[in-house]
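Student: Please find target-v9.cif (mmCIF, C-alpha atoms) on the next line:
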```
data_data
#
loop_
_atom_site.label_atom_id
_atom_site.label_comp_id
_atom_site.auth_asym_id
_atom_site.auth_seq_id
_atom_site.Cartn_x
_atom_site.Cartn_y
_atom_site.Cartn_z
CA MET R 553 -1.62 12.12 -13.21
CA ILE R 554 1.02 9.90 -14.78
CA ARG R 555 1.66 6.36 -13.58
CA TYR R 556 5.11 4.88 -13.78
CA THR R 557 6.42 1.42 -13.17
CA ALA R 558 9.55 1.19 -11.02
CA LEU R 559 11.66 0.80 -14.16
CA ALA R 560 10.08 3.78 -15.87
CA LEU R 561 11.05 5.94 -12.91
CA TRP R 562 14.59 5.98 -14.19
CA LEU R 563 13.34 7.48 -17.44
CA CYS R 564 11.63 10.44 -15.76
CA ILE R 565 14.50 12.79 -16.41
CA ALA R 566 14.06 12.33 -20.13
CA SER R 567 10.29 12.54 -20.18
CA PRO R 568 8.61 15.08 -22.48
CA LEU R 569 6.95 16.67 -19.45
CA ALA R 570 10.29 17.31 -17.78
CA GLN R 571 11.77 18.65 -21.01
CA ALA R 572 8.84 20.98 -21.45
CA GLY R 573 9.50 22.44 -18.02
CA GLU R 574 6.14 21.43 -16.61
CA GLN R 575 6.09 21.22 -12.83
CA VAL R 576 6.25 17.58 -11.80
CA LEU R 577 5.88 15.93 -8.40
CA ARG R 578 7.20 12.38 -7.99
CA LEU R 579 5.25 10.19 -5.59
CA SER R 580 6.26 6.71 -4.50
CA THR R 581 3.40 4.76 -3.02
CA THR R 582 2.00 1.30 -2.52
CA THR R 583 0.25 -0.88 -5.05
CA SER R 584 -2.86 -0.82 -2.86
CA THR R 585 -3.45 2.91 -3.38
CA ASP R 586 -3.05 2.45 -7.12
CA ASN R 587 -4.75 -0.94 -7.68
CA SER R 588 -7.81 0.13 -5.70
CA GLY R 589 -8.38 3.19 -7.88
CA LEU R 590 -7.89 5.61 -4.97
CA LEU R 591 -5.13 7.62 -6.65
CA ALA R 592 -7.16 8.06 -9.81
CA TRP R 593 -9.91 9.47 -7.60
CA LEU R 594 -7.67 11.68 -5.43
CA LEU R 595 -4.87 13.11 -7.51
CA PRO R 596 -6.70 14.93 -10.32
CA ALA R 597 -8.28 17.22 -7.70
CA PHE R 598 -4.87 17.95 -6.20
CA GLU R 599 -3.25 18.50 -9.61
CA ALA R 600 -5.94 20.99 -10.59
CA ARG R 601 -5.48 22.92 -7.35
CA ALA R 602 -1.67 22.84 -7.24
CA GLY R 603 -0.88 23.15 -10.95
CA LEU R 604 1.36 20.07 -10.78
CA LYS R 605 1.55 16.77 -12.60
CA VAL R 606 2.02 13.82 -10.26
CA GLN R 607 4.20 10.94 -11.42
CA VAL R 608 3.10 7.84 -9.50
CA ILE R 609 5.52 5.00 -8.84
CA ALA R 610 3.42 2.21 -7.30
CA VAL R 611 5.54 -0.47 -5.62
CA GLY R 612 5.67 -2.12 -2.20
CA SER R 613 6.16 0.11 0.85
CA GLY R 614 9.75 -1.08 1.31
CA LYS R 615 10.69 -0.12 -2.25
CA ALA R 616 8.69 3.12 -2.02
CA LEU R 617 10.70 4.16 1.03
CA GLU R 618 13.94 3.11 -0.65
CA LEU R 619 13.16 5.35 -3.63
CA ALA R 620 12.47 8.22 -1.21
CA LYS R 621 15.68 7.51 0.71
CA ASN R 622 17.66 7.75 -2.52
CA GLY R 623 16.02 11.04 -3.51
CA ASP R 624 14.39 9.45 -6.56
CA VAL R 625 10.99 10.80 -5.50
CA ASP R 626 9.81 13.90 -3.67
CA VAL R 627 7.22 12.40 -1.36
CA THR R 628 6.05 8.94 -0.29
CA LEU R 629 2.69 7.53 0.80
CA VAL R 630 3.03 4.10 2.41
CA HIS R 631 1.72 1.71 5.07
CA ALA R 632 4.64 0.27 7.04
CA ARG R 633 4.62 2.21 10.29
CA ALA R 634 7.82 0.87 11.87
CA ALA R 635 9.75 1.44 8.65
CA GLU R 636 8.21 4.92 8.26
CA ASP R 637 9.28 5.93 11.78
CA ARG R 638 12.78 4.60 11.10
CA PHE R 639 12.91 6.53 7.81
CA VAL R 640 12.11 9.79 9.60
CA ALA R 641 14.39 9.09 12.60
CA GLU R 642 17.32 8.53 10.22
CA GLY R 643 16.73 11.95 8.66
CA HIS R 644 15.48 10.85 5.25
CA GLY R 645 12.04 12.42 5.65
CA ILE R 646 10.46 15.50 7.18
CA GLY R 647 7.82 14.47 9.68
CA ARG R 648 5.15 11.88 9.08
CA ARG R 649 1.47 12.65 8.81
CA ASP R 650 -1.40 10.24 9.30
CA VAL R 651 -3.53 10.11 6.17
CA MET R 652 -5.99 7.21 6.37
CA TYR R 653 -6.41 3.62 7.37
CA ASN R 654 -8.09 0.42 6.32
CA ASP R 655 -7.39 -3.14 7.39
CA PHE R 656 -5.96 -6.43 6.26
CA VAL R 657 -8.06 -9.49 5.49
CA LEU R 658 -7.21 -13.14 4.98
CA ALA R 659 -8.51 -14.04 1.53
CA CYS R 660 -8.99 -17.68 0.58
CA PRO R 661 -11.08 -19.91 -1.66
CA PRO R 662 -14.64 -20.00 -0.28
CA SER R 663 -14.42 -23.80 0.11
CA ASP R 664 -12.50 -23.10 3.38
CA ARG R 665 -10.58 -26.37 3.50
CA ALA R 666 -8.67 -25.16 6.58
CA GLY R 667 -11.85 -24.47 8.58
CA ILE R 668 -11.04 -20.86 9.44
CA LYS R 669 -14.10 -19.02 8.08
CA GLY R 670 -15.53 -16.40 10.42
CA GLY R 671 -12.41 -16.19 12.56
CA THR R 672 -11.24 -12.93 14.10
CA ASP R 673 -7.86 -14.14 15.36
CA ILE R 674 -5.29 -13.96 12.56
CA ILE R 675 -2.60 -15.85 14.49
CA ALA R 676 -4.90 -18.77 15.31
CA ALA R 677 -6.07 -18.86 11.69
CA LEU R 678 -2.53 -19.02 10.35
CA ARG R 679 -1.69 -21.88 12.70
CA LYS R 680 -4.67 -23.81 11.33
CA LEU R 681 -3.60 -22.97 7.78
CA ALA R 682 -0.08 -24.24 8.43
CA ALA R 683 -1.49 -27.51 9.76
CA SER R 684 -3.80 -27.95 6.76
CA GLU R 685 -3.04 -28.77 3.13
CA VAL R 686 -4.00 -25.29 1.91
CA ARG R 687 -1.40 -23.30 0.02
CA PHE R 688 -0.41 -19.74 0.89
CA VAL R 689 0.88 -17.05 -1.47
CA SER R 690 3.03 -14.32 0.07
CA ARG R 691 3.74 -10.94 -1.49
CA GLY R 692 7.44 -11.55 -0.82
CA ASP R 693 8.31 -7.98 -1.87
CA ASN R 694 9.03 -6.23 1.46
CA SER R 695 5.81 -4.26 1.08
CA GLY R 696 3.84 -3.16 4.12
CA THR R 697 1.53 -6.12 3.58
CA ASP R 698 4.49 -8.49 3.29
CA GLN R 699 6.07 -7.13 6.47
CA MET R 700 2.81 -7.52 8.36
CA GLU R 701 2.27 -11.06 7.08
CA LYS R 702 5.78 -12.07 8.15
CA SER R 703 5.12 -10.66 11.63
CA TYR R 704 1.96 -12.79 11.89
CA TRP R 705 3.80 -15.99 10.99
CA LYS R 706 6.50 -15.11 13.52
CA ALA R 707 3.86 -14.63 16.21
CA ALA R 708 2.23 -17.92 15.18
CA GLY R 709 5.54 -19.72 15.61
CA VAL R 710 4.91 -21.82 12.52
CA GLN R 711 4.80 -21.50 8.74
CA PRO R 712 3.65 -23.81 5.93
CA PRO R 713 6.37 -25.96 4.38
CA PRO R 714 8.01 -24.60 1.19
CA ALA R 715 5.82 -26.81 -1.00
CA ARG R 716 2.73 -24.92 0.23
CA TYR R 717 4.24 -21.44 0.74
CA GLN R 718 4.98 -19.42 -2.37
CA SER R 719 6.82 -16.08 -2.24
CA ALA R 720 5.65 -14.23 -5.33
CA GLY R 721 7.61 -10.96 -5.30
CA LEU R 722 4.60 -9.26 -6.87
CA GLY R 723 2.06 -6.56 -6.18
CA MET R 724 -1.20 -7.19 -4.34
CA GLY R 725 -3.46 -7.47 -7.36
CA GLU R 726 -1.17 -9.98 -9.02
CA VAL R 727 -0.88 -11.99 -5.80
CA LEU R 728 -4.66 -12.17 -5.42
CA THR R 729 -4.89 -13.41 -9.00
CA MET R 730 -2.19 -16.02 -8.32
CA ALA R 731 -3.88 -17.15 -5.11
CA ALA R 732 -7.11 -17.69 -7.03
CA GLU R 733 -5.32 -19.72 -9.69
CA LEU R 734 -3.59 -21.88 -7.07
CA GLN R 735 -6.66 -22.10 -4.81
CA ALA R 736 -4.52 -20.63 -2.07
CA CYS R 737 -4.88 -18.09 0.73
CA THR R 738 -3.15 -14.72 0.95
CA LEU R 739 -3.09 -11.65 3.15
CA SER R 740 -4.51 -8.58 1.42
CA ASP R 741 -5.45 -5.04 2.24
CA ARG R 742 -9.23 -4.74 2.09
CA ALA R 743 -9.26 -2.14 -0.70
CA THR R 744 -7.34 -4.23 -3.22
CA PHE R 745 -9.30 -7.34 -2.26
CA ALA R 746 -12.56 -5.49 -2.95
CA THR R 747 -11.26 -4.34 -6.33
CA TYR R 748 -10.25 -7.89 -7.35
CA LYS R 749 -12.99 -9.87 -5.64
CA ASP R 750 -15.11 -10.45 -8.71
CA LYS R 751 -12.08 -11.37 -10.82
CA THR R 752 -10.71 -13.93 -8.36
CA GLY R 753 -13.70 -15.47 -6.62
CA LEU R 754 -11.79 -15.41 -3.34
CA ALA R 755 -13.62 -14.72 -0.08
CA ILE R 756 -12.69 -13.03 3.18
CA LEU R 757 -12.43 -15.80 5.76
CA VAL R 758 -10.70 -13.93 8.61
CA GLN R 759 -11.06 -10.26 9.51
CA GLY R 760 -11.60 -7.92 12.44
CA ASP R 761 -8.48 -8.71 14.48
CA PRO R 762 -7.08 -5.42 15.91
CA ARG R 763 -3.67 -6.62 14.76
CA MET R 764 -4.93 -6.29 11.18
CA PHE R 765 -5.29 -2.51 11.44
CA ASN R 766 -3.49 -0.87 8.48
CA PRO R 767 -2.55 2.84 8.80
CA TYR R 768 -1.13 4.91 5.92
CA GLY R 769 1.25 7.83 6.33
CA ILE R 770 2.71 10.47 4.02
CA ILE R 771 6.28 11.77 4.31
CA ALA R 772 8.07 14.53 2.39
CA VAL R 773 11.66 13.71 1.47
CA ASN R 774 14.26 15.75 3.36
CA PRO R 775 15.56 18.48 0.98
CA ALA R 776 18.73 18.78 3.06
CA ARG R 777 19.63 15.26 1.89
CA HIS R 778 18.53 15.81 -1.70
CA PRO R 779 18.57 19.52 -2.68
CA GLY R 780 17.17 18.89 -6.16
CA ILE R 781 13.83 17.47 -5.07
CA ASN R 782 10.53 19.30 -5.42
CA ASP R 783 10.17 20.13 -1.74
CA GLN R 784 7.51 22.77 -2.30
CA GLY R 785 5.34 20.38 -4.29
CA ALA R 786 5.82 17.63 -1.71
CA ARG R 787 4.65 19.91 1.08
CA GLN R 788 1.67 20.98 -1.02
CA LEU R 789 0.58 17.36 -1.38
CA VAL R 790 1.15 16.62 2.31
CA ASP R 791 -0.91 19.66 3.29
CA TRP R 792 -3.69 18.93 0.79
CA ILE R 793 -4.16 15.23 1.48
CA THR R 794 -4.36 15.92 5.24
CA SER R 795 -6.65 18.93 4.79
CA ALA R 796 -10.42 18.87 5.19
CA GLU R 797 -10.76 18.78 1.40
CA GLY R 798 -8.33 15.91 0.91
CA GLN R 799 -9.75 13.91 3.80
CA ALA R 800 -13.30 14.37 2.54
CA ARG R 801 -12.22 13.11 -0.87
CA ILE R 802 -10.69 9.99 0.71
CA ALA R 803 -13.94 9.34 2.59
CA GLY R 804 -15.86 9.86 -0.63
CA PHE R 805 -14.02 7.08 -2.46
CA ARG R 806 -16.71 4.40 -2.44
CA PRO R 807 -16.53 2.06 -5.43
CA GLY R 808 -19.68 -0.02 -5.52
CA GLY R 809 -20.93 1.99 -2.53
CA GLN R 810 -18.28 0.54 -0.18
CA GLN R 811 -15.91 2.84 1.69
CA LEU R 812 -12.41 1.36 1.39
CA PHE R 813 -10.24 3.96 3.15
CA PHE R 814 -11.02 6.00 6.25
CA PRO R 815 -9.43 9.43 6.80
CA SER R 816 -7.28 9.77 9.91
CA ALA R 817 -5.34 13.04 9.61
CA GLN R 818 -4.91 15.00 12.82
CA ARG R 819 -5.60 18.68 12.18
#
```
Go ahead and express the file in the form of structure tokens.
Tutor:
Amino acid sequence: MIRYTALALWLCIASPLAQAGEQVLRLSTTTSTDNSGLLAWLLPAFEARAGLKVQVIAVGSGKALELAKNGDVDVTLVHARAAEDRFVAEGHGIGRRDVMYNDFVLACPPSDRAGIKGGTDIIAALRKLAASEVRFVSRGDNSGTDQMEKSYWKAAGVQPPPARYQSAGLGMGEVLTMAAELQACTLSDRATFATYKDKTGLAILVQGDPRMFNPYGIIAVNPARHPGINDQGARQLVDWITSAEGQARIAGFRPGGQQLFFPSAQR
């Protein structure tokens, strides 16, 4: 498995692997699947079975879908359901398969200066945050997490003033680190929070709201739109990750004994 930054994606065509003629599959996905360590756990098993090398481009869901739309990747694994459905309806992808789910959490300094600890209503918690002096760091990158956070503020009908609301334009791990440095709150997927918890000292203050459910889907890019893509490899990954073997491997990802993703493929 090879990881690429978004910039390095544009260098793929000149990579030694491509020049050597090795079969490559390009996957755009979210920072949560990469930061959490899930991909490092999953993909070697797939590569060994399929005889492919997977190039991972880990960005926000919005950018991941944009790369797929442009034919710059062969398959995408994201968590932005409305955008995924739109992507397929517009003919950019072939089907969409459920893969797994986890949930979002509101991570803050444990001092809880907004008095929201133990809450299970994300909208009520955000209203209290907006009325407090606590800062909030947003992903600000059109990721699935960012889109969900924006929908919560819209439902709350309020948002902190600019002095206390920072749009970072960064991945989840970097935003958690920034929130810790600023003693601010942020919305995170549970898997990345768990991975960064010891580094940041942040705590989960709000969780368990059904609106914080976070499903992931996988979509193969439409070869009719982009004839040069690796359609066969994309379908292999879709089939494997939604198979009994792939789903069992997702369930078996338990860093520190904690299950961070739950398989949800319909077979």
Student: Do you have, as a Markdown table, the list of residues of region 573-665 of chain R lying at most 12 Å from region 708-722 of chain R, each with its nearest atom pair and that distance in Å to one decimal, counting all atoms listed in the file and ordered by chain then number?
Tutor:
```
| residue | atom | partner | partner_atom | distance |
| --- | --- | --- | --- | --- |
| R:Thr582 | CA | R:Leu722 | CA | 11.7 |
| R:Thr583 | CA | R:Leu722 | CA | 9.6 |
| R:Ser584 | CA | R:Leu722 | CA | 12.0 |
| R:Ala610 | CA | R:Leu722 | CA | 11.5 |
| R:Val611 | CA | R:Leu722 | CA | 8.9 |
| R:Gly612 | CA | R:Leu722 | CA | 8.6 |
| R:Lys615 | CA | R:Gly721 | CA | 11.7 |
```
Student: Using all atoms listed in the file, find the one residue out of R:Leu619, R:Ala602, R:Val627, R:Met724 that sits nearest to Ile781 (chain R).
Tutor: R:Val627
Student: What are the closest atom pairs, with distances in Å to one decimal, for each residue of region 571-661 of chain R lying within 10 Å of region 685-692 of chain R, using all atoms listed in the file, rows by chain and rising residue number, as CSV?
Tutor:
```
residue,atom,partner,partner_atom,distance
R:Gly612,CA,R:Arg691,CA,9.1
R:Ala659,CA,R:Phe688,CA,9.9
R:Cys660,CA,R:Phe688,CA,8.8
R:Pro661,CA,R:Val686,CA,9.6
```
Student: Val657 (chain R): which residues within 9 Å, counting only C-alpha atoms, same-chain residues fewer than 3 positions away excluded, as a PyMOL selection string?
Tutor: chain R and resi 674+738-742+745+756-760+764
Student: For Glu618 (chain R), which residue out of R:Val630, R:Leu590, R:Ala817, R:Ala800 is the nearest one, using only C-alpha atoms?
Tutor: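 Of the candidates, the smallest distance to Glu618 (chain R) is held by R:Val630.
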Student: Each residue of region 611-643 of chain R lying at most 12 Å from region 647-655 of chain R should get a row with its shortest atom-to-atom pair and the distance in Å to one decimal, counting all atoms listed in the file; could you produce that, ordered by chain and increasing number, as JSON lines?
Tutor:
```
{"residue": "R:Val627", "atom": "CA", "partner": "R:Arg648", "partner_atom": "CA", "distance": 10.7}
{"residue": "R:Thr628", "atom": "CA", "partner": "R:Arg648", "partner_atom": "CA", "distance": 9.9}
{"residue": "R:Leu629", "atom": "CA", "partner": "R:Val651", "partner_atom": "CA", "distance": 8.6}
{"residue": "R:Val630", "atom": "CA", "partner": "R:Val651", "partner_atom": "CA", "distance": 9.7}
{"residue": "R:His631", "atom": "CA", "partner": "R:Tyr653", "partner_atom": "CA", "distance": 8.7}
{"residue": "R:Ala632", "atom": "CA", "partner": "R:Tyr653", "partner_atom": "CA", "distance": 11.6}
{"residue": "R:Arg633", "atom": "CA", "partner": "R:Arg648", "partner_atom": "CA", "distance": 9.8}
{"residue": "R:Ala634", "atom": "CA", "partner": "R:Arg648", "partner_atom": "CA", "distance": 11.7}
{"residue": "R:Ala635", "atom": "CA", "partner": "R:Arg648", "partner_atom": "CA", "distance": 11.4}
{"residue": "R:Glu636", "atom": "CA", "partner": "R:Arg648", "partner_atom": "CA", "distance": 7.6}
{"residue": "R:Asp637", "atom": "CA", "partner": "R:Arg648", "partner_atom": "CA", "distance": 7.7}
{"residue": "R:Arg638", "atom": "CA", "partner": "R:Arg648", "partner_atom": "CA", "distance": 10.7}
{"residue": "R:Phe639", "atom": "CA", "partner": "R:Arg648", "partner_atom": "CA", "distance": 9.5}
{"residue": "R:Val640", "atom": "CA", "partner": "R:Gly647", "partner_atom": "CA", "distance": 6.3}
{"residue": "R:Ala641", "atom": "CA", "partner": "R:Gly647", "partner_atom": "CA", "distance": 9.0}
{"residue": "R:Glu642", "atom": "CA", "partner": "R:Gly647", "partner_atom": "CA", "distance": 11.2}
{"residue": "R:Gly643", "atom": "CA", "partner": "R:Gly647", "partner_atom": "CA", "distance": 9.3}
```
Student: Would you mind reading off the distance between CA of Ile646 (chain R) and CA of Pro775 (chain R), one decimal, in Å?
Tutor: 8.6 Å
Student: Given the file shown, determine the residues that the PyMOL selection byres ((chain R and resi 704) around 10) selects; report them as a list in words.
Tutor: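 Against this file, the PyMOL selection byres ((chain R and resi 704) around 10) returns the residues Ile674, Ile675, Ala676, Leu678, Arg679, Asp698, Gln699, Met700, Glu701, Lys702, Ser703, Trp705, Lys706, Ala707, Ala708, Gly709, Val710, Gln711, Arg763 and Met764 of chain R.
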Student: Provide the CA of Ala683 (chain R) to CA of Leu734 (chain R) distance in Å, to one decimal place.
Tutor: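 Straight-line distance from CA of Ala683 (chain R) to CA of Leu734 (chain R) works out to 17.9 Å.
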Student: Find the axis-aligned box for region 620-636 of chain R, covering all its listed atoms and adding 6 Å on each side, and write its centre and edge lengths in Å to one decimal as AutoDock Vina command-line options.
Tutor:
```
--center_x 9.7 --center_y 7.1 --center_z 2.7 --size_x 27.9 --size_y 25.6 --size_z 30.4
```
Student: What is the distance, in Å and to one decimal place, between CA of Cys737 (chain R) and CA of Ser663 (chain R)?
Tutor: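 We find that CA of Cys737 (chain R) and CA of Ser663 (chain R) lie 11.1 Å from each other.
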Student: From the list R:Gly723, R:Pro662, R:Ile771, R:Asn587, which residue is nearest Ala755 (chain R) when using only C-alpha atoms?
Tutor: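 Among the listed residues, the smallest separation from Ala755 (chain R) belongs to R:Pro662.
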Student: Near Ala592 (chain R), within 12 Å and counting all atoms listed in the file, which residues show up once chain neighbours fewer than 4 positions away are dropped, as a PyMOL selection string?
Tutor: chain R and resi 553-555+585-588+596-599+606-608+801-802+805+807
Student: Neighbours of Ala803 (chain R) within 10 Å (all atoms listed in the file; same-chain residues fewer than 6 positions away dropped), as a CSV table (one decimal) with C-alpha atoms, in the frame of the given file?
Tutor:
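Output file result_18.csv follows:
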```csv
chain,number,residue,atom,x,y,z
R,652,MET,CA,-6.0,7.2,6.4
R,811,GLN,CA,-15.9,2.8,1.7
R,812,LEU,CA,-12.4,1.4,1.4
R,813,PHE,CA,-10.2,4.0,3.2
R,814,PHE,CA,-11.0,6.0,6.2
R,815,PRO,CA,-9.4,9.4,6.8
R,816,SER,CA,-7.3,9.8,9.9
```
Student: Nearest residue to Val576 (chain R) out of R:Gly753, R:Gly780, R:Gly603, R:Gly804, using only C-alpha atoms?
Tutor: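 Under the stated criterion, the closest residue is R:Gly603.
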Student: Dump N, CA, C and O atoms of region 753-771 of chain R from the given block, as a PDB file, in the first residue's frame.
Tutor:
```pdb
ATOM      1  N   GLY R 753      -5.185  15.104  24.826  1.00  0.00           N
ATOM      2  CA  GLY R 753      -5.785  15.309  26.136  1.00  0.00           C
ATOM      3  C   GLY R 753      -7.229  15.759  26.080  1.00  0.00           C
ATOM      4  O   GLY R 753      -7.828  16.068  27.116  1.00  0.00           O
ATOM      5  N   LEU R 754      -7.810  15.792  24.889  1.00  0.00           N
ATOM      6  CA  LEU R 754      -9.221  16.152  24.758  1.00  0.00           C
ATOM      7  C   LEU R 754     -10.097  15.013  25.263  1.00  0.00           C
ATOM      8  O   LEU R 754      -9.666  13.854  25.333  1.00  0.00           O
ATOM      9  N   ALA R 755     -11.343  15.342  25.584  1.00  0.00           N
ATOM     10  CA  ALA R 755     -12.293  14.343  26.077  1.00  0.00           C
ATOM     11  C   ALA R 755     -13.578  14.422  25.263  1.00  0.00           C
ATOM     12  O   ALA R 755     -13.920  15.474  24.711  1.00  0.00           O
ATOM     13  N   ILE R 756     -14.293  13.305  25.197  1.00  0.00           N
ATOM     14  CA  ILE R 756     -15.608  13.300  24.564  1.00  0.00           C
ATOM     15  C   ILE R 756     -16.612  13.849  25.570  1.00  0.00           C
ATOM     16  O   ILE R 756     -16.811  13.281  26.642  1.00  0.00           O
ATOM     17  N   LEU R 757     -17.241  14.967  25.218  1.00  0.00           N
ATOM     18  CA  LEU R 757     -18.233  15.556  26.110  1.00  0.00           C
ATOM     19  C   LEU R 757     -19.660  15.282  25.648  1.00  0.00           C
ATOM     20  O   LEU R 757     -20.568  15.237  26.480  1.00  0.00           O
ATOM     21  N   VAL R 758     -19.860  15.109  24.352  1.00  0.00           N
ATOM     22  CA  VAL R 758     -21.197  14.839  23.819  1.00  0.00           C
ATOM     23  C   VAL R 758     -21.102  13.693  22.827  1.00  0.00           C
ATOM     24  O   VAL R 758     -20.256  13.702  21.926  1.00  0.00           O
ATOM     25  N   GLN R 759     -21.988  12.728  22.968  1.00  0.00           N
ATOM     26  CA  GLN R 759     -22.026  11.576  22.071  1.00  0.00           C
ATOM     27  C   GLN R 759     -23.388  10.912  22.192  1.00  0.00           C
ATOM     28  O   GLN R 759     -24.178  11.204  23.079  1.00  0.00           O
ATOM     29  N   GLY R 760     -23.660   9.991  21.259  1.00  0.00           N
ATOM     30  CA  GLY R 760     -24.866   9.176  21.367  1.00  0.00           C
ATOM     31  C   GLY R 760     -26.105   9.736  20.708  1.00  0.00           C
ATOM     32  O   GLY R 760     -27.149   9.079  20.687  1.00  0.00           O
ATOM     33  N   ASP R 761     -26.040  10.922  20.132  1.00  0.00           N
ATOM     34  CA  ASP R 761     -27.186  11.486  19.408  1.00  0.00           C
ATOM     35  C   ASP R 761     -27.334  10.715  18.087  1.00  0.00           C
ATOM     36  O   ASP R 761     -26.349  10.562  17.359  1.00  0.00           O
ATOM     37  N   PRO R 762     -28.527  10.203  17.752  1.00  0.00           N
ATOM     38  CA  PRO R 762     -28.703   9.501  16.475  1.00  0.00           C
ATOM     39  C   PRO R 762     -28.266  10.330  15.272  1.00  0.00           C
ATOM     40  O   PRO R 762     -27.886   9.775  14.235  1.00  0.00           O
ATOM     41  N   ARG R 763     -28.298  11.634  15.402  1.00  0.00           N
ATOM     42  CA  ARG R 763     -27.871  12.500  14.297  1.00  0.00           C
ATOM     43  C   ARG R 763     -26.358  12.451  14.089  1.00  0.00           C
ATOM     44  O   ARG R 763     -25.854  12.971  13.086  1.00  0.00           O
ATOM     45  N   MET R 764     -25.654  11.814  15.002  1.00  0.00           N
ATOM     46  CA  MET R 764     -24.193  11.728  14.899  1.00  0.00           C
ATOM     47  C   MET R 764     -23.740  10.408  14.275  1.00  0.00           C
ATOM     48  O   MET R 764     -22.541  10.100  14.243  1.00  0.00           O
ATOM     49  N   PHE R 765     -24.681   9.644  13.762  1.00  0.00           N
ATOM     50  CA  PHE R 765     -24.374   8.404  13.043  1.00  0.00           C
ATOM     51  C   PHE R 765     -23.558   8.743  11.802  1.00  0.00           C
ATOM     52  O   PHE R 765     -23.850   9.710  11.092  1.00  0.00           O
ATOM     53  N   ASN R 766     -22.542   7.933  11.482  1.00  0.00           N
ATOM     54  CA  ASN R 766     -21.575   8.273  10.435  1.00  0.00           C
ATOM     55  C   ASN R 766     -21.313   7.071   9.521  1.00  0.00           C
ATOM     56  O   ASN R 766     -20.385   6.289   9.756  1.00  0.00           O
ATOM     57  N   PRO R 767     -22.110   6.892   8.460  1.00  0.00           N
ATOM     58  CA  PRO R 767     -21.932   5.746   7.563  1.00  0.00           C
ATOM     59  C   PRO R 767     -20.890   6.012   6.477  1.00  0.00           C
ATOM     60  O   PRO R 767     -20.742   7.145   5.995  1.00  0.00           O
ATOM     61  N   TYR R 768     -20.173   4.976   6.092  1.00  0.00           N
ATOM     62  CA  TYR R 768     -19.176   5.040   5.019  1.00  0.00           C
ATOM     63  C   TYR R 768     -19.647   4.204   3.837  1.00  0.00           C
ATOM     64  O   TYR R 768     -20.181   3.101   4.016  1.00  0.00           O
ATOM     65  N   GLY R 769     -19.402   4.719   2.626  1.00  0.00           N
ATOM     66  CA  GLY R 769     -19.758   3.979   1.422  1.00  0.00           C
ATOM     67  C   GLY R 769     -18.599   3.940   0.446  1.00  0.00           C
ATOM     68  O   GLY R 769     -17.713   4.810   0.456  1.00  0.00           O
ATOM     69  N   ILE R 770     -18.596   2.918  -0.407  1.00  0.00           N
ATOM     70  CA  ILE R 770     -17.561   2.786  -1.435  1.00  0.00           C
ATOM     71  C   ILE R 770     -18.222   2.834  -2.806  1.00  0.00           C
ATOM     72  O   ILE R 770     -19.296   2.260  -3.014  1.00  0.00           O
ATOM     73  N   ILE R 771     -17.590   3.543  -3.734  1.00  0.00           N
ATOM     74  CA  ILE R 771     -18.156   3.741  -5.074  1.00  0.00           C
ATOM     75  C   ILE R 771     -17.052   3.591  -6.109  1.00  0.00           C
ATOM     76  O   ILE R 771     -16.010   4.243  -6.017  1.00  0.00           O
TER      77      ILE R 771
END
```
